[in-house]
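structure_27.cif follows; it contains mmCIF, C-alpha atoms.
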```
data_start
loop_
_atom_site.label_atom_id
_atom_site.label_comp_id
_atom_site.auth_asym_id
_atom_site.auth_seq_id
_atom_site.Cartn_x
_atom_site.Cartn_y
_atom_site.Cartn_z
CA MET A 828 -12.47 -54.71 -114.47
CA GLN A 829 -13.19 -58.07 -116.07
CA ALA A 830 -16.73 -59.44 -115.73
CA THR A 831 -15.80 -62.62 -113.86
CA ALA A 832 -12.77 -64.32 -112.37
CA THR A 833 -12.32 -68.08 -112.47
CA VAL A 834 -11.10 -69.70 -109.26
CA LEU A 835 -10.01 -73.34 -109.25
CA VAL A 836 -10.62 -75.05 -105.90
CA TYR A 837 -8.78 -78.32 -105.22
CA SER A 838 -9.75 -80.50 -102.29
CA ASP A 839 -10.81 -84.12 -101.97
CA ASP A 840 -13.21 -82.93 -99.24
CA SER A 841 -16.48 -81.50 -100.55
CA ASN A 842 -16.98 -79.69 -97.21
CA THR A 843 -13.72 -77.78 -97.71
CA ARG A 844 -14.74 -76.82 -101.24
CA GLU A 845 -18.08 -75.63 -99.85
CA GLN A 846 -16.33 -73.56 -97.15
CA VAL A 847 -14.33 -71.81 -99.91
CA ARG A 848 -17.47 -71.08 -101.94
CA LEU A 849 -19.38 -69.77 -98.93
CA ALA A 850 -16.47 -67.62 -97.69
CA THR A 851 -16.09 -66.07 -101.15
CA GLY A 852 -19.73 -65.44 -101.87
CA ARG A 853 -20.38 -63.85 -105.25
CA ARG A 854 -17.21 -61.77 -104.94
CA PRO A 855 -14.65 -61.58 -102.14
CA ALA A 856 -14.46 -57.75 -102.25
CA SER A 857 -16.32 -54.95 -104.01
CA ASP A 858 -13.33 -53.96 -106.17
CA VAL A 859 -12.77 -57.39 -107.74
CA PRO A 860 -14.86 -59.30 -110.28
CA GLN A 861 -17.53 -61.83 -109.45
CA VAL A 862 -16.13 -65.33 -109.03
CA GLU A 863 -16.93 -68.52 -110.89
CA PHE A 864 -15.62 -71.74 -109.39
CA ILE A 865 -14.14 -74.83 -110.96
CA GLU A 866 -13.99 -77.58 -108.36
CA CYS A 867 -11.45 -80.40 -108.56
CA ALA A 868 -11.18 -83.41 -106.27
CA THR A 869 -8.09 -85.02 -107.85
CA PRO A 870 -4.63 -83.85 -108.90
CA ALA A 871 -5.31 -85.04 -112.47
CA ALA A 872 -8.39 -82.82 -112.66
CA VAL A 873 -6.34 -79.81 -111.50
CA LEU A 874 -3.73 -80.37 -114.20
CA LYS A 875 -6.43 -80.85 -116.85
CA GLU A 876 -8.14 -77.56 -115.91
CA LEU A 877 -4.84 -75.66 -115.81
CA ASP A 878 -3.93 -77.03 -119.25
CA ARG A 879 -7.29 -75.79 -120.51
CA GLY A 880 -6.39 -72.28 -119.28
CA GLY A 881 -8.49 -69.37 -118.08
CA ILE A 882 -7.84 -69.87 -114.36
CA ASP A 883 -7.24 -66.62 -112.46
CA VAL A 884 -6.43 -68.04 -109.00
CA CYS A 885 -5.99 -71.54 -107.56
CA VAL A 886 -7.12 -72.42 -104.04
CA LEU A 887 -5.41 -75.65 -102.97
CA ASP A 888 -6.15 -77.69 -99.84
CA GLY A 889 -2.89 -78.51 -98.09
CA GLU A 890 -4.65 -81.40 -96.33
CA ALA A 891 -5.99 -83.04 -99.53
CA VAL A 892 -5.49 -86.73 -100.22
CA PRO A 893 -3.79 -88.42 -102.09
CA MET A 894 -1.71 -85.36 -103.01
CA GLY A 895 -1.70 -82.42 -100.67
CA GLY A 896 -2.04 -78.87 -101.89
CA MET A 897 1.57 -78.09 -101.00
CA GLY A 898 2.94 -80.74 -103.34
CA MET A 899 0.37 -79.78 -105.97
CA CYS A 900 1.39 -76.12 -105.68
CA ARG A 901 5.08 -76.93 -106.04
CA GLN A 902 4.35 -79.09 -109.08
CA ILE A 903 2.20 -76.54 -110.90
CA LYS A 904 4.62 -73.70 -110.16
CA ASP A 905 7.32 -75.84 -111.84
CA GLU A 906 5.26 -77.20 -114.73
CA VAL A 907 2.52 -74.71 -115.70
CA PHE A 908 3.54 -71.80 -117.91
CA ASN A 909 2.25 -68.54 -116.41
CA CYS A 910 0.91 -70.41 -113.41
CA PRO A 911 -1.92 -68.49 -111.74
CA PRO A 912 -1.42 -67.29 -108.16
CA VAL A 913 -2.06 -69.92 -105.49
CA LEU A 914 -3.87 -69.52 -102.19
CA LEU A 915 -2.92 -72.51 -100.03
CA LEU A 916 -5.22 -73.73 -97.26
CA ILE A 917 -3.11 -74.92 -94.33
CA GLY A 918 -4.10 -76.80 -91.20
CA ARG A 919 -1.94 -74.86 -88.73
CA PRO A 920 -0.22 -71.46 -88.72
CA GLN A 921 3.05 -73.34 -88.13
CA ASP A 922 2.72 -74.80 -91.64
CA ALA A 923 3.34 -71.39 -93.23
CA TRP A 924 7.02 -72.26 -93.78
CA LEU A 925 5.95 -75.28 -95.85
CA ALA A 926 3.71 -72.99 -97.89
CA THR A 927 6.81 -70.91 -98.63
CA TRP A 928 8.62 -74.05 -99.80
CA SER A 929 5.68 -74.87 -102.09
CA ARG A 930 5.86 -71.32 -103.55
CA ALA A 931 2.28 -70.47 -102.61
CA ASP A 932 1.41 -66.80 -103.07
CA ALA A 933 -0.80 -66.63 -99.96
CA THR A 934 -2.16 -68.84 -97.20
CA ALA A 935 -5.37 -69.22 -95.20
CA ILE A 936 -6.08 -71.46 -92.22
CA LEU A 937 -8.49 -74.41 -92.24
CA PRO A 938 -11.28 -74.44 -91.33
CA VAL A 939 -11.85 -71.43 -93.59
CA GLU A 940 -12.40 -68.18 -91.71
CA PRO A 941 -14.53 -66.13 -94.13
CA VAL A 942 -13.11 -62.63 -93.57
CA ASP A 943 -9.45 -63.68 -93.69
CA PHE A 944 -10.01 -66.00 -96.65
CA ALA A 945 -11.96 -63.44 -98.69
CA SER A 946 -9.27 -60.83 -98.01
CA ALA A 947 -6.47 -63.14 -99.18
CA LEU A 948 -8.41 -64.19 -102.30
CA ALA A 949 -9.29 -60.59 -103.18
CA SER A 950 -5.63 -59.60 -102.83
CA LEU A 951 -4.56 -62.31 -105.28
CA LEU A 952 -7.30 -61.30 -107.74
CA ARG A 953 -6.09 -57.68 -107.56
CA GLN A 954 -2.49 -58.77 -108.20
CA LYS A 955 -3.63 -60.89 -111.14
CA ALA A 956 -5.53 -57.92 -112.62
CA LEU A 957 -2.45 -55.68 -112.30
CA SER A 958 -0.24 -58.21 -114.06
CA ALA A 959 -2.69 -58.72 -116.94
#
```

For this file, produce the structure as structure tokens.
Amino acid sequence: MQATATVLVYSDDSNTREQVRLATGRRPASDVPQVEFIECATPAAVLKELDRGGIDVCVLDGEAVPMGGMGMCRQIKDEVFNCPPVLLLIGRPQDAWLATWSRADATAILPVEPVDFASALASLLRQKALSA
């Protein structure tokens, strides 16, 4: 198992980014690496970090402004070579079909529910480790 996993968190809302950090803790499950966060508040910052590389999973806020996480997810899935898996934060369970359109790999509901979020993030980290 790698020493750490890098998780990019995109939201214009610092409270949402904090919810993600708190729900994850040091690691979302005992069988995945410890997590280091890169926080982004703008779409340009997300693209810059993805170009830099080294991101294991992206967590994108579907309610972010000016560009929501769904549009951001669709864009990076189209434009980023070997795009990391994406966990999309959605406002309502009914938005899951939009997450499918955006090609998100998993979803979690806002506000972040720690157990469900950590489980979804750990699952994506496991998948990433298997594909490496």

* Could you expand the PyMOL selection byres ((chain A and resi 833) around 12) into the explicit residues it covers here, written as number ranges by chain? => A: 829-832, 834-836, 853-854, 859-866, 876-877, 880-886, 911-912, 948, 952, 955

* Restricting the calculation to all atoms listed in the file, which member of A:Ala933, A:Gly852, A:Ser838, A:Trp924 is positioned closest to Ala945 of chain A? ->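 Closest candidate: A:Gly852.
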
* Residue nearest Leu874 of chain A among A:Ala923, A:Leu951, A:Leu937, A:Cys900 (counting all atoms listed in the file) ->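 Counting all atoms listed in the file, the residue closest to Leu874 of chain A is A:Cys900.
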
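Run against this file, the PyMOL selection byres ((chain A and resi 946) around 12) gives back Ala850, Thr851, Arg854, Pro855, Ala856, Ser857, Asp858, Val859, Leu914, Ala933, Thr934, Ala935, Val939, Glu940, Pro941, Val942, Asp943, Phe944, Ala945, Ala947, Leu948, Ala949, Ser950, Leu951, Leu952 and Arg953 of chain A.
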
Store the residues of this selection in a file with C-alpha atoms, as a short mmCIF file (atom, residue, chain, number, x, y, z; two decimals), in the coordinates of the input.
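Below you can see part_37.cif, which holds the result:
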```
data_model
loop_
_atom_site.label_atom_id
_atom_site.label_comp_id
_atom_site.auth_asym_id
_atom_site.auth_seq_id
_atom_site.Cartn_x
_atom_site.Cartn_y
_atom_site.Cartn_z
CA ALA A 850 -16.47 -67.62 -97.69
CA THR A 851 -16.09 -66.07 -101.15
CA ARG A 854 -17.21 -61.77 -104.94
CA PRO A 855 -14.65 -61.58 -102.14
CA ALA A 856 -14.46 -57.75 -102.25
CA SER A 857 -16.32 -54.95 -104.01
CA ASP A 858 -13.33 -53.96 -106.17
CA VAL A 859 -12.77 -57.39 -107.74
CA LEU A 914 -3.87 -69.52 -102.19
CA ALA A 933 -0.80 -66.63 -99.96
CA THR A 934 -2.16 -68.84 -97.20
CA ALA A 935 -5.37 -69.22 -95.20
CA VAL A 939 -11.85 -71.43 -93.59
CA GLU A 940 -12.40 -68.18 -91.71
CA PRO A 941 -14.53 -66.13 -94.13
CA VAL A 942 -13.11 -62.63 -93.57
CA ASP A 943 -9.45 -63.68 -93.69
CA PHE A 944 -10.01 -66.00 -96.65
CA ALA A 945 -11.96 -63.44 -98.69
CA ALA A 947 -6.47 -63.14 -99.18
CA LEU A 948 -8.41 -64.19 -102.30
CA ALA A 949 -9.29 -60.59 -103.18
CA SER A 950 -5.63 -59.60 -102.83
CA LEU A 951 -4.56 -62.31 -105.28
CA LEU A 952 -7.30 -61.30 -107.74
CA ARG A 953 -6.09 -57.68 -107.56
#
```

* Nearest to Thr869 of chain A among A:Glu906, A:Met899, A:Arg930, A:Gln846, with distances taken over only C-alpha atoms: which residue is it? ->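 Selected residue with least distance to Thr869 of chain A: A:Met899.
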
* Structure fact -> Between atom CA of Met897 of chain A and atom CA of Lys875 of chain A lies a distance of 18.0 Å

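Here atom CA of Asp922 of chain A and atom CA of Asp905 of chain A stand 20.7 Å from one another.
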
Mind filling out segment 851-862 of chain A with all heavy atoms and sending it as a PDB file, keeping the file's coordinate frame?
```pdb
ATOM      1  N   THR A 851     -16.283 -67.001-100.032  1.00  0.00           N
ATOM      2  CA  THR A 851     -16.090 -66.070-101.150  1.00  0.00           C
ATOM      3  C   THR A 851     -17.372 -65.339-101.487  1.00  0.00           C
ATOM      4  O   THR A 851     -17.350 -64.141-101.782  1.00  0.00           O
ATOM      5  CB  THR A 851     -15.590 -66.838-102.395  1.00  0.00           C
ATOM      6  OG1 THR A 851     -14.407 -67.549-102.057  1.00  0.00           O
ATOM      7  CG2 THR A 851     -15.324 -65.890-103.545  1.00  0.00           C
ATOM      8  N   GLY A 852     -18.476 -66.043-101.434  1.00  0.00           N
ATOM      9  CA  GLY A 852     -19.730 -65.440-101.870  1.00  0.00           C
ATOM     10  C   GLY A 852     -19.685 -65.194-103.371  1.00  0.00           C
ATOM     11  O   GLY A 852     -19.009 -65.891-104.116  1.00  0.00           O
ATOM     12  N   ARG A 853     -20.396 -64.175-103.826  1.00  0.00           N
ATOM     13  CA  ARG A 853     -20.380 -63.850-105.250  1.00  0.00           C
ATOM     14  C   ARG A 853     -19.076 -63.183-105.653  1.00  0.00           C
ATOM     15  O   ARG A 853     -18.611 -63.321-106.778  1.00  0.00           O
ATOM     16  CB  ARG A 853     -21.566 -62.959-105.588  1.00  0.00           C
ATOM     17  CG  ARG A 853     -22.879 -63.726-105.453  1.00  0.00           C
ATOM     18  CD  ARG A 853     -24.066 -62.860-105.596  1.00  0.00           C
ATOM     19  NE  ARG A 853     -24.198 -62.404-106.973  1.00  0.00           N
ATOM     20  CZ  ARG A 853     -25.183 -61.641-107.388  1.00  0.00           C
ATOM     21  NH1 ARG A 853     -26.109 -61.245-106.541  1.00  0.00           N
ATOM     22  NH2 ARG A 853     -25.244 -61.265-108.644  1.00  0.00           N
ATOM     23  N   ARG A 854     -18.516 -62.398-104.731  1.00  0.00           N
ATOM     24  CA  ARG A 854     -17.210 -61.770-104.940  1.00  0.00           C
ATOM     25  C   ARG A 854     -16.589 -61.528-103.572  1.00  0.00           C
ATOM     26  O   ARG A 854     -17.285 -61.176-102.644  1.00  0.00           O
ATOM     27  CB  ARG A 854     -17.311 -60.502-105.771  1.00  0.00           C
ATOM     28  CG  ARG A 854     -18.072 -59.385-105.149  1.00  0.00           C
ATOM     29  CD  ARG A 854     -17.992 -58.054-105.900  1.00  0.00           C
ATOM     30  NE  ARG A 854     -17.939 -58.200-107.310  1.00  0.00           N
ATOM     31  CZ  ARG A 854     -18.645 -57.484-108.181  1.00  0.00           C
ATOM     32  NH1 ARG A 854     -19.464 -56.562-107.741  1.00  0.00           N
ATOM     33  NH2 ARG A 854     -18.515 -57.667-109.466  1.00  0.00           N
ATOM     34  N   PRO A 855     -15.279 -61.705-103.457  1.00  0.00           N
ATOM     35  CA  PRO A 855     -14.650 -61.580-102.140  1.00  0.00           C
ATOM     36  C   PRO A 855     -14.467 -60.128-101.675  1.00  0.00           C
ATOM     37  O   PRO A 855     -14.261 -59.890-100.488  1.00  0.00           O
ATOM     38  CB  PRO A 855     -13.295 -62.261-102.335  1.00  0.00           C
ATOM     39  CG  PRO A 855     -13.029 -62.197-103.788  1.00  0.00           C
ATOM     40  CD  PRO A 855     -14.365 -62.222-104.463  1.00  0.00           C
ATOM     41  N   ALA A 856     -14.554 -59.173-102.592  1.00  0.00           N
ATOM     42  CA  ALA A 856     -14.460 -57.750-102.250  1.00  0.00           C
ATOM     43  C   ALA A 856     -15.145 -56.954-103.354  1.00  0.00           C
ATOM     44  O   ALA A 856     -15.268 -57.432-104.492  1.00  0.00           O
ATOM     45  CB  ALA A 856     -12.993 -57.324-102.116  1.00  0.00           C
ATOM     46  N   SER A 857     -15.547 -55.753-103.042  1.00  0.00           N
ATOM     47  CA  SER A 857     -16.320 -54.950-104.010  1.00  0.00           C
ATOM     48  C   SER A 857     -15.499 -54.487-105.205  1.00  0.00           C
ATOM     49  O   SER A 857     -16.063 -54.165-106.248  1.00  0.00           O
ATOM     50  CB  SER A 857     -16.939 -53.744-103.308  1.00  0.00           C
ATOM     51  OG  SER A 857     -15.927 -52.912-102.772  1.00  0.00           O
ATOM     52  N   ASP A 858     -14.168 -54.459-105.082  1.00  0.00           N
ATOM     53  CA  ASP A 858     -13.330 -53.960-106.170  1.00  0.00           C
ATOM     54  C   ASP A 858     -12.733 -55.063-107.045  1.00  0.00           C
ATOM     55  O   ASP A 858     -11.838 -54.801-107.840  1.00  0.00           O
ATOM     56  CB  ASP A 858     -12.218 -53.068-105.622  1.00  0.00           C
ATOM     57  CG  ASP A 858     -11.259 -53.815-104.718  1.00  0.00           C
ATOM     58  OD1 ASP A 858     -11.683 -54.806-104.078  1.00  0.00           O
ATOM     59  OD2 ASP A 858     -10.090 -53.416-104.628  1.00  0.00           O
ATOM     60  N   VAL A 859     -13.218 -56.286-106.888  1.00  0.00           N
ATOM     61  CA  VAL A 859     -12.770 -57.390-107.740  1.00  0.00           C
ATOM     62  C   VAL A 859     -13.979 -58.001-108.440  1.00  0.00           C
ATOM     63  O   VAL A 859     -15.111 -57.814-108.010  1.00  0.00           O
ATOM     64  CB  VAL A 859     -11.999 -58.476-106.920  1.00  0.00           C
ATOM     65  CG1 VAL A 859     -10.746 -57.889-106.291  1.00  0.00           C
ATOM     66  CG2 VAL A 859     -12.882 -59.114-105.878  1.00  0.00           C
ATOM     67  N   PRO A 860     -13.738 -58.732-109.534  1.00  0.00           N
ATOM     68  CA  PRO A 860     -14.860 -59.300-110.280  1.00  0.00           C
ATOM     69  C   PRO A 860     -15.608 -60.383-109.505  1.00  0.00           C
ATOM     70  O   PRO A 860     -15.096 -60.941-108.536  1.00  0.00           O
ATOM     71  CB  PRO A 860     -14.209 -59.912-111.525  1.00  0.00           C
ATOM     72  CG  PRO A 860     -12.768 -59.651-111.440  1.00  0.00           C
ATOM     73  CD  PRO A 860     -12.453 -59.017-110.143  1.00  0.00           C
ATOM     74  N   GLN A 861     -16.810 -60.684-109.978  1.00  0.00           N
ATOM     75  CA  GLN A 861     -17.530 -61.830-109.450  1.00  0.00           C
ATOM     76  C   GLN A 861     -16.734 -63.088-109.759  1.00  0.00           C
ATOM     77  O   GLN A 861     -15.978 -63.130-110.725  1.00  0.00           O
ATOM     78  CB  GLN A 861     -18.918 -61.932-110.064  1.00  0.00           C
ATOM     79  CG  GLN A 861     -19.863 -60.882-109.542  1.00  0.00           C
ATOM     80  CD  GLN A 861     -21.301 -61.141-109.980  1.00  0.00           C
ATOM     81  OE1 GLN A 861     -21.618 -62.138-110.603  1.00  0.00           O
ATOM     82  NE2 GLN A 861     -22.164 -60.212-109.644  1.00  0.00           N
ATOM     83  N   VAL A 862     -16.922 -64.103-108.928  1.00  0.00           N
ATOM     84  CA  VAL A 862     -16.130 -65.330-109.030  1.00  0.00           C
ATOM     85  C   VAL A 862     -16.972 -66.483-109.543  1.00  0.00           C
ATOM     86  O   VAL A 862     -18.115 -66.663-109.124  1.00  0.00           O
ATOM     87  CB  VAL A 862     -15.523 -65.681-107.649  1.00  0.00           C
ATOM     88  CG1 VAL A 862     -14.863 -67.038-107.666  1.00  0.00           C
ATOM     89  CG2 VAL A 862     -14.537 -64.620-107.213  1.00  0.00           C
TER      90      VAL A 862
END
```
